Every structure is written in structure tokens, then in C-alpha cells.
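Chemist: My structure is below; once you've seen it, I'll send some questions.
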Amino acid sequence: MIRTRVLLSALLAAAPTAALAGPRAAAAAKPEAAAETLLRATLAPPRRAWDGELVVENRAGGVVERRTVKALFSPPDLRRREALYPDGRVRLLIVSDGRVEWVYDAARGLALKGEPADPDVKLLDPDEELELLLRSHELREGDGERVAGREARVLELFRRADGKLSLRLWVDAREGLVLKREAYGADGEPPLVSEFRAVVFSSAIAPAAFSFVPPRGVRARERRWRGDFLDLEEAEAQAGMPLMLPRRLPEGFVLESVNVLPYKGASILHARFTDGVGLLSLFQYPRTARLRLGWGKLGRPKSVRVGVSPGRMAATGDGKILDWKGARFRFVLIGPGSAEALRRVAESIEEVP
């Protein structure tokens with residue numbers, strides 16, 4: 001799913017330029033304006049309920065990983081997603097009725113109950129986020145295709161910094177739902193692809209499909225935190241430590257949101273940066289804490305240095321992951337782009353007293 005929205009103000013700001021430049025420039029501006037209209041359609045709240053099955057494929061690091069996901073949506077905010085094992089068993093379930101969210105991890109036999117995050121309290125409001133996308137990307141509309149048996153229009157986003165393709169979307173021509181998504185890193189890695197294999201639209205889905213009762217023998221716990229985003233001062237106060245922000249970010253990226261996660265008695269500060277499409281996540285926590293990053297599933301990590309500190313780097317479904325121990329805190333950085341670009345961001349974090 002693409003998370004950004006399109007700014008009407010950006011369209012209005014572009015209109016005088018096209019009008020003053022003459023008919024040729026005005027004609028050239030029309031394709032991008034049409035692409036903006038298409039992007040806006042994908043981000044409007046869906047008008048109808050849908051029931052679909054997707055395949056998510058990641059080829060990072062030369063390893064192909066495929067996951068099947070079943071998904072349900074019913075307006076305005078009933079959601080259900082099930083990641084499946086190859087034999088069809090549920091691997092991970094996330095279900096929300098807009099007030100209560102359950103996360104069921106079948107492998108761990110654990111179900112967590114909490115409140116869904118409120119996106120309205122992010123540091124960037126929707127208009128700012130959309131303006132950021134349009135500053136950092138050029139939009140183009142490609143030839144139409146069929147996906148999951150439905151007519152789709154193709155929308156492409158190119159980074160203005162280097163002209164490279166960042167994101168390609170296949171958008172349902174009637175419903176505005178993104179039927180297929182290809183996200184490209186800046187370093188030429190194969191794209192992360194999610195694609196509907198089947199989808200059915202209807203007027204409504206029974207509310208019972210969005211309820212959840214933990215299976216017998218599964219540990220059920222109240223989640224100790226809300227997923228809400230916080231302002232910077234709130235987050236630092238809640239975590240009991242200052243957030244060490246990088247002084248250098250990839251072209252077009254800005255701070256989007258901050259939240260705090262508890263982990264085995266410690267607090268983890270999580271800062272997210274975006275250019276409107278890509279995401280860069282920074283996790284900061286005390287040196288005495290230990291996080292399970294699942295290095296075994298990522299293959300053998302590469303040893304790197306972040307300044308004078310030793311670190312590890314590997315490829316993930318979200319790009320590269322880098323962890324290192326600083327003078328006061330431990331850090332994990334996950335994001336797109338090359339290994340060298342990620343290391344430069346890490347080295348720009350100055351641990352002030």
C-alpha cells in the first residue's frame with residue numbers, strides 16, 4: 001500500500017506556470033496532472049468493501065522470498081490481514097475494527113490486544129506529506145494492463161534527484177484500489193512486489209469477519225503501549241532519553257513521525273523519515289538492552305564500521321539493515337538505498353551529552 005496522499009494545492013500552484021508558459025508547456029503539464037489525479041484516487045477512502053488475496057515477493061540479497069496474504073476491508077475502517085505459511089496455515093494475523101486491534105503471532109503462540117495507531121497525530125500532516133512527495137518525485141502514467149482480471153492504469157513515480165524509477169502502481173480503473181505495487185531501491189536491487197491474485201468487491205462484509213478470539217492455548221496479553229505517534233518532546237520524555245537524529249539524510253527525506261516501543265523492560269525510540277514514498281527507520285535504545293534482529297534469517301551479515309564503532313549490515317525486505325553500538329546508545333537503521341548511503345546517515349548521528 002502506498003501511504004502518501006496528493007496535494008490539491010500542488011496542482012493549483014502548478015496551474016499559473018503552465019498558463020504563462022504558453023500552449024506547448026500547458027500541454028506538457030497535462031500528463032503529470034492526470035497522473036496526480038490518479039494518485040489521489042488511490043488514496044481516497046475506498047467506497048466499497050473488498051476481499052482479496054495477494055502475493056508479496058522480495059528478492060533482496062539474491063534470495064527470493066514469497067508470502068501469500070489474505071486481506072479484507074470494509075468501510076470505514078474494518079481491516080483484516082493474514083500472512084500465510086505455504087501450507088495455508090496462518091503465520092501472522094492483524095485485525096482491527098477501528099477501536100481494537102489484535103496482532104496474533106501463530107509461531108510464538110501470542111496474541112496482543114491494543115488500540116490501532118491514529119495517523120492524524122503524525123509530525124507531518126497529510127498535506128505536508130503530499131507536498132513532500134510531489135517535490136521529490138515526478139509522476140507519469142503508463143499504458144494500462146490487466147491485474148487479477150481487472151483493468152488497471154499504471155502510475156510511475158521517478159525520483160527528481162536522479163531520475164530513477166522509485167515506485168510503479170497498477171491502479172484499478174473503477175475502484176481506485178492499488179492492485180499491484182513495485183518498489184525500487186536506489187541501488188538497483190530487484191523490486192519488492194505485492195500483487196493481487198484475486199479480489200472481489202461488494203457492498204459490505206459481515207462485521208464478524210473482523211472479530212478475533214485467541215485460540216485455545218494461545219497467550220493473550222494487553223499491549224502495553226499505543227501505536228500512536230508522538231511529538232518529539234513527548235517521545236523523549238516517555239522513553240527517558242534524548243533522540244539522536246542524523247544530520248545527513250538521503251535526498252528529499254524529512255522526519256515524518258516518532259513513537260516509543262517497550263521491549264523487555266527497556267524503551268525504544270523509533271523515528272521514521274520519508275520522501276513521500278520511501279521510508280527510513282531509526283531505532284535507538286539503551287546499550288544494556290538486547291534486540292533480537294533475526295540475523296539468522298537474513299543470512300550472514302557483513303561487518304562494517306560506523307565511525308569508530310563496529311557494526312553489522314544485511315539486506316531485508318525493506319532495504320538494508322544496519323546496527324551498531326554507539327558511545328551511549330545502540331542503534332538500528334533500516335532503509336532503502338545503497339549500503340554506503342545508509343552508513344553515511346548512521347555516521348551523521350552525533351551522540352550529544
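Starting from 1 in every chain, residues are counted up; chains themselves are A, B, ... following the order of the C-alpha cells, and ligands are numbered from 1 as listed.
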Using only C-alpha atoms, which residues sit within 6 Å of range 166-176 of chain A once same-chain residues fewer than 2 positions away are excluded, as a list in words?

Modeler: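 Neighbouring residues, sequence-local ones excluded: Ala41, Thr42, Glu151, Ala152, Arg153, Val154, Leu155, Glu156, Leu157, Phe158, Val178, Leu179, Lys180, Arg181, Glu182, Ala183 and Tyr184 of chain A.
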
Chemist: Can those selected residues be exported to a file as a CSV table (one decimal), in the first residue's frame so that it contains N, CA and C atoms?

Modeler:
```csv
chain,number,residue,atom,x,y,z
A,41,ALA,N,-6.8,9.3,-6.5
A,41,ALA,CA,-7.9,8.3,-6.5
A,41,ALA,C,-7.5,7.1,-5.6
A,42,THR,N,-6.2,6.7,-5.7
A,42,THR,CA,-5.8,5.5,-4.9
A,42,THR,C,-5.8,5.8,-3.4
A,151,GLU,N,-9.2,-4.3,-15.2
A,151,GLU,CA,-8.5,-3.2,-15.9
A,151,GLU,C,-7.7,-2.3,-14.9
A,152,ALA,N,-6.5,-2.1,-15.2
A,152,ALA,CA,-5.7,-1.2,-14.3
A,152,ALA,C,-4.9,-0.2,-15.1
A,153,ARG,N,-4.8,1.0,-14.5
A,153,ARG,CA,-4.0,2.1,-15.1
A,153,ARG,C,-2.6,2.1,-14.3
A,154,VAL,N,-1.6,2.3,-15.1
A,154,VAL,CA,-0.2,2.3,-14.5
A,154,VAL,C,0.3,3.7,-14.1
A,155,LEU,N,0.7,3.8,-12.9
A,155,LEU,CA,1.3,5.1,-12.4
A,155,LEU,C,2.7,4.9,-12.0
A,156,GLU,N,3.6,5.7,-12.4
A,156,GLU,CA,5.0,5.6,-12.1
A,156,GLU,C,5.5,6.9,-11.4
A,157,LEU,N,6.4,6.7,-10.4
A,157,LEU,CA,7.0,7.8,-9.7
A,157,LEU,C,8.5,7.7,-9.8
A,158,PHE,N,9.1,8.8,-10.3
A,158,PHE,CA,10.5,8.9,-10.6
A,158,PHE,C,11.1,9.9,-9.6
A,178,VAL,N,-5.1,-0.1,-5.4
A,178,VAL,CA,-3.8,-0.5,-6.0
A,178,VAL,C,-3.8,-2.0,-6.0
A,179,LEU,N,-3.8,-2.5,-7.3
A,179,LEU,CA,-3.8,-4.0,-7.5
A,179,LEU,C,-2.4,-4.6,-7.5
A,180,LYS,N,-1.4,-3.8,-7.9
A,180,LYS,CA,0.0,-4.3,-7.9
A,180,LYS,C,0.9,-3.1,-7.6
A,181,ARG,N,2.0,-3.4,-6.9
A,181,ARG,CA,2.9,-2.4,-6.5
A,181,ARG,C,4.4,-2.9,-6.6
A,182,GLU,N,5.2,-2.1,-7.3
A,182,GLU,CA,6.7,-2.5,-7.3
A,182,GLU,C,7.4,-1.3,-6.8
A,183,ALA,N,8.2,-1.5,-5.7
A,183,ALA,CA,9.0,-0.5,-5.1
A,183,ALA,C,10.5,-0.8,-5.4
A,184,TYR,N,11.2,0.2,-5.9
A,184,TYR,CA,12.6,0.1,-6.3
A,184,TYR,C,13.5,0.8,-5.4
```

Chemist: Name the residues of range 126-268 of chain A that fall into alpha helix (DSSP H) according to DSSP on the backbone, using the chain letters and numbers of this document, as a PyMOL selection string.

Modeler: chain A and resi 126-136+232-239

Chemist: Please save N, CA and C atoms of the selected residues as a tab-separated table (two decimals), in the first residue's frame.

Modeler:
```tsv
chain	number	residue	atom	x	y	z
A	126	PRO	N	-1.28	15.29	6.39
A	126	PRO	CA	-1.42	14.74	5.03
A	126	PRO	C	-1.00	15.70	3.93
A	127	ASP	N	-1.33	16.99	4.06
A	127	ASP	CA	-0.96	17.93	3.03
A	127	ASP	C	0.55	18.08	2.92
A	128	GLU	N	1.22	18.14	4.08
A	128	GLU	CA	2.68	18.27	4.06
A	128	GLU	C	3.32	17.03	3.45
A	129	GLU	N	2.77	15.87	3.75
A	129	GLU	CA	3.32	14.63	3.24
A	129	GLU	C	3.19	14.56	1.71
A	130	LEU	N	2.05	15.02	1.23
A	130	LEU	CA	1.83	15.01	-0.21
A	130	LEU	C	2.70	16.02	-0.93
A	131	GLU	N	2.86	17.17	-0.31
A	131	GLU	CA	3.72	18.18	-0.90
A	131	GLU	C	5.15	17.66	-0.99
A	132	LEU	N	5.57	16.93	0.02
A	132	LEU	CA	6.90	16.33	0.02
A	132	LEU	C	7.05	15.34	-1.14
A	133	LEU	N	6.04	14.52	-1.36
A	133	LEU	CA	6.10	13.55	-2.46
A	133	LEU	C	6.24	14.26	-3.80
A	134	LEU	N	5.46	15.31	-4.01
A	134	LEU	CA	5.48	15.99	-5.29
A	134	LEU	C	6.78	16.78	-5.51
A	135	ARG	N	7.40	17.22	-4.43
A	135	ARG	CA	8.71	17.88	-4.56
A	135	ARG	C	9.79	16.88	-4.93
A	136	SER	N	9.68	15.67	-4.41
A	136	SER	CA	10.77	14.71	-4.57
A	136	SER	C	10.57	13.75	-5.75
A	232	LEU	N	8.09	15.18	19.44
A	232	LEU	CA	9.45	14.82	19.83
A	232	LEU	C	9.66	14.89	21.34
A	233	GLU	N	9.18	15.96	21.96
A	233	GLU	CA	9.36	16.11	23.40
A	233	GLU	C	8.62	15.03	24.18
A	234	GLU	N	7.41	14.70	23.74
A	234	GLU	CA	6.65	13.63	24.39
A	234	GLU	C	7.39	12.31	24.30
A	235	ALA	N	7.90	12.00	23.12
A	235	ALA	CA	8.59	10.73	22.92
A	235	ALA	C	9.84	10.64	23.80
A	236	GLU	N	10.62	11.71	23.84
A	236	GLU	CA	11.83	11.70	24.65
A	236	GLU	C	11.50	11.55	26.13
A	237	ALA	N	10.44	12.23	26.58
A	237	ALA	CA	10.06	12.14	27.99
A	237	ALA	C	9.58	10.73	28.33
A	238	GLN	N	8.81	10.14	27.42
A	238	GLN	CA	8.28	8.80	27.67
A	238	GLN	C	9.39	7.75	27.66
A	239	ALA	N	10.39	7.93	26.78
A	239	ALA	CA	11.49	6.96	26.69
A	239	ALA	C	12.58	7.21	27.72
```

Chemist: Please report the interatomic distance between CA of Gly337 in chain A and CA of Ala271 in chain A in Å with one decimal.

Modeler: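 A separation of 17.7 Å between them.
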
Chemist: Could you work out how far CA of Asp275 in chain A lies from CA of Pro75 in chain A, giving the answer in Å with one decimal?

Modeler: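 Answer for the CA of Pro75 in chain A to CA of Asp275 in chain A separation: 28.4 Å.
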
Chemist: Pick the closest to Asp323 in chain A from A:Ala106, A:Leu282, A:Val277, A:Leu93: which is it, counting only C-alpha atoms?

Modeler: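 Using only C-alpha atoms, the shortest distance to Asp323 in chain A belongs to A:Leu282.
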
Chemist: At a cut-off of 6 Å, using only C-alpha atoms, what residues contact Val103 in chain A? Leave out same-chain residues fewer than 2 positions from it and give the result as a ChimeraX atom specification.

Modeler: /A:93-94,111-112

Chemist: Which of these, A:Glu65, A:Asp105, A:Glu32, A:Glu350, has the shortest distance to Gly142 in chain A once you count only C-alpha atoms?

Modeler: A:Glu32

Chemist: Would you please work out which residue, of A:Ser257, A:Thr288, A:Thr274, A:Ser211, is nearest to Glu101 in chain A when using only C-alpha atoms?

Modeler: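 When distances to Glu101 in chain A are compared using only C-alpha atoms, the smallest one comes from A:Ser211.
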